[in-house]
file work01.csv (CSV, C-alpha atoms)
chain,number,residue,atom,x,y,z
R,1,MET,CA,6.0,1.9,-32.4
R,2,THR,CA,3.3,-0.5,-31.2
R,3,GLU,CA,4.1,-2.6,-34.3
R,4,LEU,CA,7.9,-2.4,-34.0
R,5,ALA,CA,8.6,-2.3,-30.3
R,6,PRO,CA,7.9,-6.0,-29.9
R,7,LEU,CA,10.5,-6.6,-32.6
R,8,GLY,CA,13.2,-4.9,-30.6
R,9,LEU,CA,12.9,-1.2,-31.5
R,10,GLN,CA,13.1,1.4,-28.9
R,11,ALA,CA,12.6,5.1,-29.5
R,12,ILE,CA,13.7,8.3,-27.7
R,13,THR,CA,12.7,11.8,-28.4
R,14,VAL,CA,14.9,14.8,-28.3
R,15,SER,CA,13.7,18.4,-28.4
R,16,LEU,CA,16.0,21.0,-29.9
R,17,ASP,CA,14.2,23.7,-27.9
R,18,ASP,CA,16.2,26.1,-25.8
R,19,THR,CA,14.5,25.2,-22.5
R,20,ALA,CA,12.5,22.4,-21.0
R,21,GLU,CA,9.7,25.0,-20.5
R,22,ALA,CA,9.5,25.5,-24.3
R,23,ALA,CA,9.2,21.7,-24.9
R,24,LEU,CA,7.0,20.7,-21.9
R,25,PRO,CA,3.6,21.8,-23.2
R,26,TRP,CA,4.1,19.7,-26.3
R,27,VAL,CA,5.3,16.7,-24.4
R,28,THR,CA,2.4,17.0,-22.0
R,29,GLU,CA,-0.1,17.3,-24.8
R,30,ALA,CA,1.3,14.4,-26.7
R,31,ASN,CA,1.3,12.3,-23.5
R,32,LEU,CA,4.5,10.7,-24.5
R,33,THR,CA,5.7,7.7,-22.6
R,34,LEU,CA,8.9,7.6,-24.6
R,35,PRO,CA,12.0,9.2,-23.0
R,36,THR,CA,11.8,13.0,-23.6
R,37,LEU,CA,15.2,14.6,-23.7
R,38,ILE,CA,16.2,18.1,-24.5
R,39,ASP,CA,19.2,19.5,-26.4
R,40,PRO,CA,19.5,23.2,-25.5
R,41,ASN,CA,23.2,23.3,-26.3
R,42,MET,CA,22.9,21.5,-29.6
R,43,HIS,CA,25.1,18.6,-28.3
R,44,ALA,CA,23.2,15.8,-30.0
R,45,ALA,CA,22.5,18.1,-32.9
R,46,GLU,CA,26.2,18.5,-33.5
R,47,THR,CA,27.1,14.9,-32.8
R,48,PHE,CA,24.5,13.4,-35.1
R,49,GLY,CA,24.4,16.3,-37.7
R,50,LEU,CA,20.9,17.5,-37.0
R,51,ILE,CA,20.0,20.7,-38.9
R,52,ASN,CA,16.3,20.4,-39.1
R,53,VAL,CA,13.2,18.9,-37.3
R,54,PRO,CA,11.4,16.6,-37.4
R,55,THR,CA,14.4,14.3,-38.1
R,56,THR,CA,15.1,10.7,-37.2
R,57,VAL,CA,18.4,9.0,-36.6
R,58,TRP,CA,18.8,5.2,-36.5
R,59,PHE,CA,21.3,3.4,-34.2
R,60,ASP,CA,22.0,-0.3,-34.3
R,61,GLU,CA,22.4,-2.6,-31.3
R,62,SER,CA,26.0,-1.5,-30.8
R,63,GLY,CA,24.8,2.1,-30.5
R,64,SER,CA,26.4,3.1,-33.9
R,65,MET,CA,24.7,5.6,-36.1
R,66,VAL,CA,23.7,3.6,-39.2
R,67,ARG,CA,21.7,6.0,-41.3
R,68,PRO,CA,22.1,9.7,-42.0
R,69,PRO,CA,19.6,12.0,-40.3
R,70,THR,CA,16.3,11.8,-42.2
R,71,ASN,CA,13.7,14.4,-42.5
R,72,ALA,CA,10.7,12.3,-41.4
R,73,PRO,CA,7.4,14.1,-41.1
R,74,ALA,CA,4.8,12.0,-39.4
R,75,SER,CA,2.2,12.8,-42.0
R,76,ASP,CA,2.2,14.3,-45.4
R,77,MET,CA,1.1,17.8,-44.4
R,78,TRP,CA,4.5,19.1,-45.6
R,79,LYS,CA,4.9,16.7,-48.5
R,80,GLU,CA,4.2,19.3,-51.2
R,81,PHE,CA,6.7,21.7,-49.6
R,82,SER,CA,9.5,19.3,-49.0
R,83,GLY,CA,9.0,16.6,-51.6
R,84,ILE,CA,9.3,14.0,-48.9
R,85,ASP,CA,7.0,11.1,-48.7
R,86,SER,CA,6.6,10.0,-45.1
R,87,GLU,CA,5.6,6.5,-46.1
R,88,VAL,CA,9.1,5.9,-47.6
R,89,HIS,CA,10.6,6.4,-44.3
R,90,HIS,CA,8.0,4.2,-42.5
R,91,GLU,CA,8.6,1.4,-45.0
R,92,ALA,CA,12.4,1.6,-44.7
R,93,LEU,CA,12.1,1.5,-40.9
R,94,ARG,CA,9.9,-1.5,-41.0
R,95,ALA,CA,12.3,-3.3,-43.3
R,96,TRP,CA,15.2,-2.5,-41.0
R,97,VAL,CA,13.5,-3.7,-37.8
R,98,HIS,CA,11.9,-6.8,-39.4
R,99,ASP,CA,14.8,-8.0,-41.5
R,100,GLY,CA,17.8,-5.8,-40.6
R,101,THR,CA,17.6,-4.4,-44.1
R,102,ILE,CA,19.8,-1.3,-44.3
R,103,ASP,CA,21.7,0.6,-47.0
R,104,ARG,CA,25.2,0.4,-45.6
R,105,GLU,CA,26.5,2.9,-48.1
R,106,ALA,CA,24.2,5.6,-47.0
R,107,MET,CA,26.5,6.8,-44.2
R,108,THR,CA,29.4,7.1,-46.6
R,109,ARG,CA,27.3,9.0,-49.1
R,110,TRP,CA,26.0,11.4,-46.4
R,111,SER,CA,26.7,15.0,-47.1
R,112,GLN,CA,25.1,18.1,-45.6
R,113,PRO,CA,23.9,21.1,-47.4
R,114,ASP,CA,26.4,23.8,-48.2
R,115,ALA,CA,27.7,25.7,-45.2
R,116,GLU,CA,30.7,27.9,-45.3
R,117,ASP,CA,31.6,26.5,-41.8
R,118,GLN,CA,29.1,24.5,-40.0
R,119,GLY,CA,31.2,24.0,-36.9
R,120,ARG,CA,31.9,27.7,-36.6
R,121,ALA,CA,28.2,28.4,-37.1
R,122,ARG,CA,27.4,26.1,-34.2
R,123,ALA,CA,30.0,27.8,-32.0
R,124,HIS,CA,28.3,31.2,-32.8
R,125,ARG,CA,24.9,29.8,-32.1
R,126,ARG,CA,26.1,28.5,-28.7
R,127,ILE,CA,27.4,31.9,-27.8
R,128,GLY,CA,24.2,33.5,-29.0
R,129,ALA,CA,22.0,31.2,-26.9
R,130,HIS,CA,24.2,31.8,-23.8
R,131,LEU,CA,23.9,35.6,-24.3
R,132,HIS,CA,20.2,35.3,-24.7
R,133,ARG,CA,19.9,33.5,-21.4
R,134,LEU,CA,22.0,36.3,-19.8
R,135,GLY,CA,19.6,38.9,-21.2
R,136,ASP,CA,22.1,40.3,-23.7
R,137,ALA,CA,19.7,40.6,-26.7
R,138,ASP,CA,22.1,42.6,-28.9
R,139,GLY,CA,24.9,40.1,-28.3
R,140,ALA,CA,22.6,37.2,-29.0
R,141,ARG,CA,21.4,38.7,-32.3
R,142,HIS,CA,24.9,39.5,-33.4
R,143,HIS,CA,26.1,35.9,-32.9
R,144,PHE,CA,22.9,34.4,-34.4
R,145,ALA,CA,23.5,36.6,-37.5
R,146,GLN,CA,27.0,35.3,-37.8
R,147,ALA,CA,25.8,31.7,-37.5
R,148,ALA,CA,23.1,32.3,-40.1
R,149,GLU,CA,25.7,33.6,-42.6
R,150,LEU,CA,27.9,30.6,-42.0
R,151,ALA,CA,25.2,27.9,-42.2
R,152,PRO,CA,22.3,29.5,-44.2
R,153,TYR,CA,20.4,26.2,-44.6
R,154,ASP,CA,20.6,25.1,-41.0
R,155,TRP,CA,17.0,25.2,-39.7
R,156,THR,CA,18.2,25.0,-36.1
R,157,ILE,CA,19.9,28.4,-36.7
R,158,ARG,CA,17.6,30.1,-39.3
R,159,ARG,CA,14.4,29.1,-37.6
R,160,GLY,CA,15.3,27.7,-34.2
R,161,THR,CA,16.9,31.0,-33.0
R,162,LEU,CA,14.0,33.2,-34.1
R,163,PRO,CA,12.1,32.7,-30.8
R,164,LEU,CA,15.3,33.6,-29.0
R,165,SER,CA,15.6,36.9,-31.0
R,166,GLY,CA,12.1,37.8,-30.3
R,167,ASP,CA,11.1,37.1,-33.9
R,168,ASP,CA,8.1,35.1,-35.0
R,169,PRO,CA,9.0,31.6,-36.2
R,170,PHE,CA,6.2,32.0,-38.7
R,171,GLY,CA,7.0,35.6,-39.6
R,172,GLU,CA,9.0,37.5,-42.2
R,173,LYS,CA,12.4,36.2,-41.4
R,174,PHE,CA,11.2,32.6,-41.7
R,175,PHE,CA,9.6,33.3,-45.1
R,176,GLU,CA,12.8,35.0,-46.2
R,177,PHE,CA,14.6,31.7,-45.3
R,178,VAL,CA,12.1,29.6,-47.1
R,179,GLY,CA,12.6,31.8,-50.2
R,180,GLU,CA,16.3,31.1,-50.0
R,181,LEU,CA,15.8,27.4,-49.6
R,182,ILE,CA,13.5,27.2,-52.6
R,183,GLU,CA,15.9,29.2,-54.7
R,184,ALA,CA,18.7,26.9,-53.7
R,185,GLY,CA,16.7,23.8,-54.6
R,186,MET,CA,15.7,22.7,-51.1
R,187,PRO,CA,19.3,21.8,-49.9
R,188,SER,CA,18.2,20.9,-46.4
R,189,TYR,CA,16.4,17.8,-47.5
R,190,THR,CA,18.3,14.6,-48.0
R,191,GLU,CA,17.1,11.1,-48.9
K,1,MET,CA,35.2,35.3,-15.3
K,2,PRO,CA,35.4,34.2,-18.9
K,3,THR,CA,33.3,31.2,-20.0
K,4,LEU,CA,34.0,28.2,-22.2
K,5,ILE,CA,30.9,26.8,-24.0
K,6,GLU,CA,30.6,23.5,-25.7
K,7,ARG,CA,27.9,21.0,-24.6
K,8,ASP,CA,28.0,22.6,-21.2
K,9,LEU,CA,29.6,25.7,-19.6
K,10,ALA,CA,32.6,26.3,-17.5
K,11,GLU,CA,34.3,29.3,-16.1
K,12,ILE,CA,37.9,29.7,-17.2
K,13,PRO,CA,40.7,31.8,-15.6
K,14,SER,CA,41.5,34.0,-18.5
K,15,LEU,CA,40.7,34.7,-22.2
K,16,GLU,CA,42.6,36.8,-24.6
K,17,ALA,CA,41.5,37.9,-28.0
K,18,ASP,CA,44.7,36.6,-29.6
K,19,GLY,CA,46.9,33.9,-28.4
K,20,PRO,CA,46.3,30.3,-27.2
K,21,ILE,CA,43.4,29.5,-25.1
K,22,GLU,CA,44.6,27.2,-22.3
K,23,VAL,CA,42.1,25.7,-19.9
K,24,ASP,CA,42.8,23.4,-16.9
K,25,ALA,CA,41.7,19.9,-17.5
K,26,GLU,CA,38.9,20.0,-15.0
K,27,SER,CA,37.2,23.0,-16.4
K,28,PHE,CA,37.7,21.6,-19.9
K,29,ALA,CA,36.0,18.4,-18.8
K,30,SER,CA,33.1,20.4,-17.2
K,31,ALA,CA,32.5,22.4,-20.4
K,32,THR,CA,33.0,19.6,-22.9
K,33,GLY,CA,32.9,16.2,-21.3
K,34,TRP,CA,36.3,15.4,-22.6
K,35,GLU,CA,38.3,14.0,-19.7
K,36,LEU,CA,42.0,13.6,-19.5
K,37,LYS,CA,43.0,10.0,-19.0
K,38,PRO,CA,46.2,8.1,-19.6
K,39,GLU,CA,44.8,7.1,-23.1
K,40,GLY,CA,44.2,10.7,-24.0
K,41,LEU,CA,41.1,12.9,-23.9
K,42,CYS,CA,38.1,10.7,-23.7
K,43,ARG,CA,34.3,11.3,-24.0
K,44,GLY,CA,31.7,8.6,-24.3
K,45,ALA,CA,32.9,5.9,-26.7
K,46,ALA,CA,35.9,7.9,-28.0
K,47,CYS,CA,39.4,8.7,-26.9
K,48,VAL,CA,41.7,11.1,-28.6
K,49,PRO,CA,45.4,10.4,-28.0
K,50,VAL,CA,47.3,13.5,-26.9
K,51,LYS,CA,50.9,12.2,-26.4
K,52,GLY,CA,53.2,13.6,-29.0
K,53,THR,CA,50.8,16.5,-29.7
K,54,ASP,CA,50.6,20.1,-28.4
K,55,ILE,CA,47.2,19.6,-27.1
K,56,VAL,CA,48.1,19.1,-23.4
K,57,ASN,CA,50.7,21.2,-21.6
K,58,GLU,CA,51.3,20.4,-17.9
K,59,GLY,CA,47.7,19.5,-17.3
K,60,SER,CA,46.3,22.4,-19.3
K,61,ILE,CA,44.3,21.8,-22.5
K,62,ASP,CA,45.1,24.0,-25.6
K,63,VAL,CA,41.5,24.5,-26.8
K,64,GLY,CA,42.5,25.5,-30.3
K,65,ALA,CA,44.9,22.6,-30.8
K,66,PHE,CA,42.2,20.1,-29.6
K,67,ALA,CA,39.5,21.7,-31.8
K,68,GLU,CA,41.9,21.5,-34.7
K,69,ARG,CA,42.6,17.8,-34.0
K,70,LEU,CA,38.8,17.1,-34.2
K,71,GLY,CA,38.3,19.4,-37.2
K,72,GLN,CA,36.2,21.7,-35.0
K,73,SER,CA,36.0,25.5,-34.8
K,74,VAL,CA,36.6,27.9,-32.0
K,75,VAL,CA,34.9,31.3,-31.8
K,76,VAL,CA,36.1,33.9,-29.3
K,77,ASP,CA,34.0,36.9,-28.2
K,78,ALA,CA,36.8,38.6,-26.2
K,79,ASP,CA,34.7,41.7,-25.3
K,80,ARG,CA,32.1,39.5,-23.6
K,81,GLY,CA,34.6,37.0,-22.3
K,82,ILE,CA,33.1,33.9,-24.1
K,83,VAL,CA,34.8,31.2,-26.1
K,84,ALA,CA,32.8,28.5,-27.8
K,85,ILE,CA,33.7,25.3,-29.7
K,86,GLY,CA,31.5,24.1,-32.5
K,87,GLY,CA,31.8,21.0,-34.7
K,88,ASP,CA,30.2,18.9,-37.2
K,89,PRO,CA,30.1,15.1,-37.7
K,90,MET,CA,31.4,15.6,-41.3
K,91,SER,CA,34.7,16.9,-40.1
K,92,ARG,CA,35.3,13.9,-37.8
K,93,GLY,CA,34.3,11.4,-40.3
K,94,HIS,CA,31.3,9.1,-39.7
K,95,GLY,CA,31.0,6.9,-36.7
K,96,ALA,CA,28.9,8.7,-34.2
K,97,SER,CA,27.5,6.7,-31.3
K,98,LEU,CA,24.7,7.0,-28.8
K,99,ALA,CA,27.5,6.7,-26.1
K,100,ASP,CA,28.9,10.0,-27.3
K,101,VAL,CA,25.9,11.9,-25.9
K,102,ARG,CA,24.4,12.8,-22.6
K,103,LEU,CA,21.3,15.0,-22.4
K,104,PRO,CA,19.0,16.6,-19.8
K,105,SER,CA,15.5,15.1,-19.5
K,106,VAL,CA,12.6,17.5,-19.9
K,107,HIS,CA,11.5,16.3,-16.5
K,108,GLY,CA,14.9,17.0,-14.9
K,109,GLY,CA,18.0,15.0,-14.4
K,110,GLU,CA,20.4,13.8,-17.0
K,111,VAL,CA,20.3,10.8,-19.3
K,112,ASP,CA,23.4,9.0,-20.7
K,113,LEU,CA,22.4,7.8,-24.2
K,114,ALA,CA,24.8,4.9,-23.6
K,115,ASP,CA,22.0,3.4,-21.5
K,116,PHE,CA,20.1,2.7,-24.8
K,117,VAL,CA,22.8,0.7,-26.4
K,118,GLY,CA,21.8,-3.0,-26.9
K,119,LYS,CA,18.7,-2.6,-29.0
K,120,LYS,CA,17.9,-0.8,-32.3
K,121,THR,CA,17.2,2.8,-31.4
K,122,LEU,CA,15.2,5.4,-33.3
K,123,LEU,CA,16.0,8.9,-32.2
K,124,ILE,CA,13.3,11.4,-33.1
K,125,ALA,CA,14.4,15.0,-33.0
K,126,TRP,CA,11.7,17.7,-32.9
K,127,ALA,CA,11.1,21.3,-31.6
K,128,SER,CA,8.3,23.6,-30.7
K,129,TRP,CA,9.5,25.8,-33.6
call {"tool": "encode", "arguments": {"input": "work01.csv", "output": "structure tokens"}}
result
Amino acid sequence: MTELAPLGLQAITVSLDDTAEAALPWVTEANLTLPTLIDPNMHAAETFGLINVPTTVWFDESGSMVRPPTNAPASDMWKEFSGIDSEVHHEALRAWVHDGTIDREAMTRWSQPDAEDQGRARAHRRIGAHLHRLGDADGARHHFAQAAELAPYDWTIRRGTLPLSGDDPFGEKFFEFVGELIEAGMPSYTE
Amino acid sequence: MPTLIERDLAEIPSLEADGPIEVDAESFASATGWELKPEGLCRGAACVPVKGTDIVNEGSIDVGAFAERLGQSVVVDADRGIVAIGGDPMSRGHGASLADVRLPSVHGGEVDLADFVGKKTLLIAWASW
């Protein structure tokens, strides 16, 4: 950002956590001066098609989304797992900010991994999150299960709801999910 | 009272397991941000014309009809009195804009992402999970 901000790039961060309390320790530790927003009702996630984190979305000067959501790890810790090279994203970002270089066809090529009904899955996830907040754990689990069935490769559902169900995001259910991803050829990851 | 959930929540007068879900325009706007204007139902940078459709009846919004128009889905949990709308950018075609979204700040208050229009913007989505 120090390189690109003087060239006219601004950045905003959005946490897909369920509450500000969940996001705040991370924000505080990272000492972010960037806007730190939260998306507990998956509103930005739905509008911009976010199904995993960390993900970046680019908007041009008119506010239009110009590039499909990109899995963009900051480092290569996950490179072996995901097959994504973070430097590719950094280079593309530099080219866009410096020269306006952008693949205009990318948005029309954008497709998301197979989901029986992504919209329906998001509706179930919304109900589940609401019930969780009301203390209806059974109701929450029921709706999260429906969401998972409808959008099995959506990380905001398969992983993001684990803390809300009282499950360990690094536990058995997560590794079950990872197994499915690997078997399906890593469908969550796009260019 | 039953609840409608989309990007926010609103209480609605009634909810049946079957049959149309009709919500007054004000409650619909509270829950979704889509406001009824002469041009139609508008949110952020978009307006959806409603004249000549079955979406609006005497100031009430037919939730199912509106969701269908946008290619979105409606899920009803009649036992618990909750209805939620869920969508996907794919179904609406491409063309999402910063101006379509308003989000809480982690420090409190709300931010209209339209405020960021004017410069190239990089949105970084993350989570503690």
call {"tool": "interface_residues", "arguments": {"input": "work01.csv", "of": "chain R", "to": "chain K", "cutoff": "8 Å", "atoms": "only C-alpha atoms", "output": "mmCIF file with C-alpha atoms, in the coordinates of the input"}}
result
data_model
loop_
_atom_site.group_PDB
_atom_site.id
_atom_site.type_symbol
_atom_site.label_atom_id
_atom_site.label_comp_id
_atom_site.auth_asym_id
_atom_site.auth_seq_id
_atom_site.Cartn_x
_atom_site.Cartn_y
_atom_site.Cartn_z
ATOM 1 C CA GLY R 8 13.200 -4.900 -30.600
ATOM 2 C CA LEU R 9 12.900 -1.200 -31.500
ATOM 3 C CA GLN R 10 13.100 1.400 -28.900
ATOM 4 C CA ALA R 11 12.600 5.100 -29.500
ATOM 5 C CA ILE R 12 13.700 8.300 -27.700
ATOM 6 C CA THR R 13 12.700 11.800 -28.400
ATOM 7 C CA VAL R 14 14.900 14.800 -28.300
ATOM 8 C CA SER R 15 13.700 18.400 -28.400
ATOM 9 C CA LEU R 16 16.000 21.000 -29.900
ATOM 10 C CA ASP R 17 14.200 23.700 -27.900
ATOM 11 C CA ALA R 20 12.500 22.400 -21.000
ATOM 12 C CA ALA R 22 9.500 25.500 -24.300
ATOM 13 C CA ALA R 23 9.200 21.700 -24.900
ATOM 14 C CA LEU R 24 7.000 20.700 -21.900
ATOM 15 C CA TRP R 26 4.100 19.700 -26.300
ATOM 16 C CA PRO R 35 12.000 9.200 -23.000
ATOM 17 C CA THR R 36 11.800 13.000 -23.600
ATOM 18 C CA LEU R 37 15.200 14.600 -23.700
ATOM 19 C CA ILE R 38 16.200 18.100 -24.500
ATOM 20 C CA ASP R 39 19.200 19.500 -26.400
ATOM 21 C CA ASN R 41 23.200 23.300 -26.300
ATOM 22 C CA MET R 42 22.900 21.500 -29.600
ATOM 23 C CA HIS R 43 25.100 18.600 -28.300
ATOM 24 C CA ALA R 44 23.200 15.800 -30.000
ATOM 25 C CA GLU R 46 26.200 18.500 -33.500
ATOM 26 C CA THR R 47 27.100 14.900 -32.800
ATOM 27 C CA PHE R 48 24.500 13.400 -35.100
ATOM 28 C CA GLY R 49 24.400 16.300 -37.700
ATOM 29 C CA VAL R 53 13.200 18.900 -37.300
ATOM 30 C CA PRO R 54 11.400 16.600 -37.400
ATOM 31 C CA THR R 55 14.400 14.300 -38.100
ATOM 32 C CA THR R 56 15.100 10.700 -37.200
ATOM 33 C CA VAL R 57 18.400 9.000 -36.600
ATOM 34 C CA TRP R 58 18.800 5.200 -36.500
ATOM 35 C CA PHE R 59 21.300 3.400 -34.200
ATOM 36 C CA ASP R 60 22.000 -0.300 -34.300
ATOM 37 C CA GLU R 61 22.400 -2.600 -31.300
ATOM 38 C CA SER R 62 26.000 -1.500 -30.800
ATOM 39 C CA GLY R 63 24.800 2.100 -30.500
ATOM 40 C CA SER R 64 26.400 3.100 -33.900
ATOM 41 C CA MET R 65 24.700 5.600 -36.100
ATOM 42 C CA VAL R 97 13.500 -3.700 -37.800
ATOM 43 C CA MET R 107 26.500 6.800 -44.200
ATOM 44 C CA THR R 108 29.400 7.100 -46.600
ATOM 45 C CA SER R 111 26.700 15.000 -47.100
ATOM 46 C CA GLN R 118 29.100 24.500 -40.000
ATOM 47 C CA GLY R 119 31.200 24.000 -36.900
ATOM 48 C CA ARG R 120 31.900 27.700 -36.600
ATOM 49 C CA ALA R 121 28.200 28.400 -37.100
ATOM 50 C CA ARG R 122 27.400 26.100 -34.200
ATOM 51 C CA ALA R 123 30.000 27.800 -32.000
ATOM 52 C CA HIS R 124 28.300 31.200 -32.800
ATOM 53 C CA ARG R 126 26.100 28.500 -28.700
ATOM 54 C CA ILE R 127 27.400 31.900 -27.800
ATOM 55 C CA ARG R 159 14.400 29.100 -37.600
ATOM 56 C CA GLY R 160 15.300 27.700 -34.200
ATOM 57 C CA PRO R 163 12.100 32.700 -30.800
ATOM 58 C CA PRO R 169 9.000 31.600 -36.200
#
call {"tool": "atom_distance", "arguments": {"input": "work01.csv", "atom1": "atom CA of R:Arg104", "atom2": "atom CA of R:Pro6"}}
result
24.2 Å
call {"tool": "atom_distance", "arguments": {"input": "work01.csv", "atom1": "atom CA of R:Leu181", "atom2": "atom CA of R:Ile51"}}
result
13.3 Å
call {"tool": "residues_near_point", "arguments": {"input": "work01.csv", "point": "(12.7, 35.5, -33.9)", "cutoff": "12 Å", "atoms": "all atoms listed in the file", "output": "ChimeraX atom specification"}}
result
/R:132,137,140-141,144-145,157-175 /K:129
call {"tool": "residues_around", "arguments": {"input": "work01.csv", "residues": "R:Glu183", "least_positions_apart": "6", "cutoff": "12 Å", "atoms": "all atoms listed in the file", "output": "PDB file with C-alpha atoms, in the frame of the given file"}}
result
ATOM      1  CA  TYR R 153      20.400  26.200 -44.600  1.00  0.00           C
ATOM      2  CA  GLU R 176      12.800  35.000 -46.200  1.00  0.00           C
ATOM      3  CA  PHE R 177      14.600  31.700 -45.300  1.00  0.00           C
TER       4      PHE R 177
END
call {"tool": "atom_distance", "arguments": {"input": "work01.csv", "atom1": "atom CA of K:Ser30", "atom2": "atom CA of K:Arg43"}}
result
11.4 Å
call {"tool": "residues_around", "arguments": {"input": "work01.csv", "residues": "K:Val56", "least_positions_apart": "3", "cutoff": "10 Å", "atoms": "only C-alpha atoms", "output": "PDB file with C-alpha atoms, keeping the file's coordinate frame"}}
result
ATOM      1  CA  GLU K  22      44.600  27.200 -22.300  1.00  0.00           C
ATOM      2  CA  VAL K  23      42.100  25.700 -19.900  1.00  0.00           C
ATOM      3  CA  ASP K  24      42.800  23.400 -16.900  1.00  0.00           C
ATOM      4  CA  ALA K  25      41.700  19.900 -17.500  1.00  0.00           C
ATOM      5  CA  LEU K  36      42.000  13.600 -19.500  1.00  0.00           C
ATOM      6  CA  GLY K  40      44.200  10.700 -24.000  1.00  0.00           C
ATOM      7  CA  LEU K  41      41.100  12.900 -23.900  1.00  0.00           C
ATOM      8  CA  VAL K  50      47.300  13.500 -26.900  1.00  0.00           C
ATOM      9  CA  LYS K  51      50.900  12.200 -26.400  1.00  0.00           C
ATOM     10  CA  GLY K  52      53.200  13.600 -29.000  1.00  0.00           C
ATOM     11  CA  THR K  53      50.800  16.500 -29.700  1.00  0.00           C
ATOM     12  CA  GLY K  59      47.700  19.500 -17.300  1.00  0.00           C
ATOM     13  CA  SER K  60      46.300  22.400 -19.300  1.00  0.00           C
ATOM     14  CA  ILE K  61      44.300  21.800 -22.500  1.00  0.00           C
ATOM     15  CA  ASP K  62      45.100  24.000 -25.600  1.00  0.00           C
ATOM     16  CA  VAL K  63      41.500  24.500 -26.800  1.00  0.00           C
ATOM     17  CA  ALA K  65      44.900  22.600 -30.800  1.00  0.00           C
ATOM     18  CA  PHE K  66      42.200  20.100 -29.600  1.00  0.00           C
TER      19      PHE K  66
END
call {"tool": "closest_residue", "arguments": {"input": "work01.csv", "among": "R:Met1, R:Ala148, R:Leu34, R:Ala106", "to": "R:Leu93", "atoms": "all atoms listed in the file"}}
result
R:Met1
call {"tool": "closest_residue", "arguments": {"input": "work01.csv", "among": "K:Ile12, K:Glu58, K:Lys37, K:Asp18", "to": "K:Ala78", "atoms": "all atoms listed in the file"}}
result
K:Asp18
call {"tool": "build_atoms", "arguments": {"input": "work01.csv", "residues": "stretch 132-145 of chain R", "atoms": "N, CA and C atoms", "output": "tab-separated table (two decimals), in the frame of the given file"}}
result
chain	number	residue	atom	x	y	z
R	132	HIS	N	21.61	35.15	-24.88
R	132	HIS	CA	20.20	35.30	-24.70
R	132	HIS	C	19.73	34.98	-23.31
R	133	ARG	N	20.28	33.88	-22.78
R	133	ARG	CA	19.90	33.50	-21.40
R	133	ARG	C	20.41	34.51	-20.39
R	134	LEU	N	21.49	35.23	-20.72
R	134	LEU	CA	22.00	36.30	-19.80
R	134	LEU	C	21.28	37.57	-19.98
R	135	GLY	N	20.39	37.65	-20.98
R	135	GLY	CA	19.60	38.90	-21.20
R	135	GLY	C	20.34	39.87	-22.12
R	136	ASP	N	21.41	39.42	-22.79
R	136	ASP	CA	22.10	40.30	-23.70
R	136	ASP	C	21.54	40.08	-25.13
R	137	ALA	N	20.46	40.79	-25.41
R	137	ALA	CA	19.70	40.60	-26.70
R	137	ALA	C	20.57	40.97	-27.88
R	138	ASP	N	21.28	42.09	-27.77
R	138	ASP	CA	22.10	42.60	-28.90
R	138	ASP	C	23.21	41.56	-29.20
R	139	GLY	N	23.86	41.10	-28.15
R	139	GLY	CA	24.90	40.10	-28.30
R	139	GLY	C	24.41	38.83	-28.93
R	140	ALA	N	23.24	38.41	-28.47
R	140	ALA	CA	22.60	37.20	-29.00
R	140	ALA	C	22.36	37.34	-30.49
R	141	ARG	N	21.73	38.47	-30.85
R	141	ARG	CA	21.40	38.70	-32.30
R	141	ARG	C	22.63	38.74	-33.13
R	142	HIS	N	23.68	39.37	-32.61
R	142	HIS	CA	24.90	39.50	-33.40
R	142	HIS	C	25.47	38.08	-33.70
R	143	HIS	N	25.50	37.21	-32.69
R	143	HIS	CA	26.10	35.90	-32.90
R	143	HIS	C	25.15	35.01	-33.76
R	144	PHE	N	23.83	35.16	-33.58
R	144	PHE	CA	22.90	34.40	-34.40
R	144	PHE	C	23.05	34.81	-35.88
R	145	ALA	N	23.31	36.09	-36.10
R	145	ALA	CA	23.50	36.60	-37.50
R	145	ALA	C	24.73	35.96	-38.10
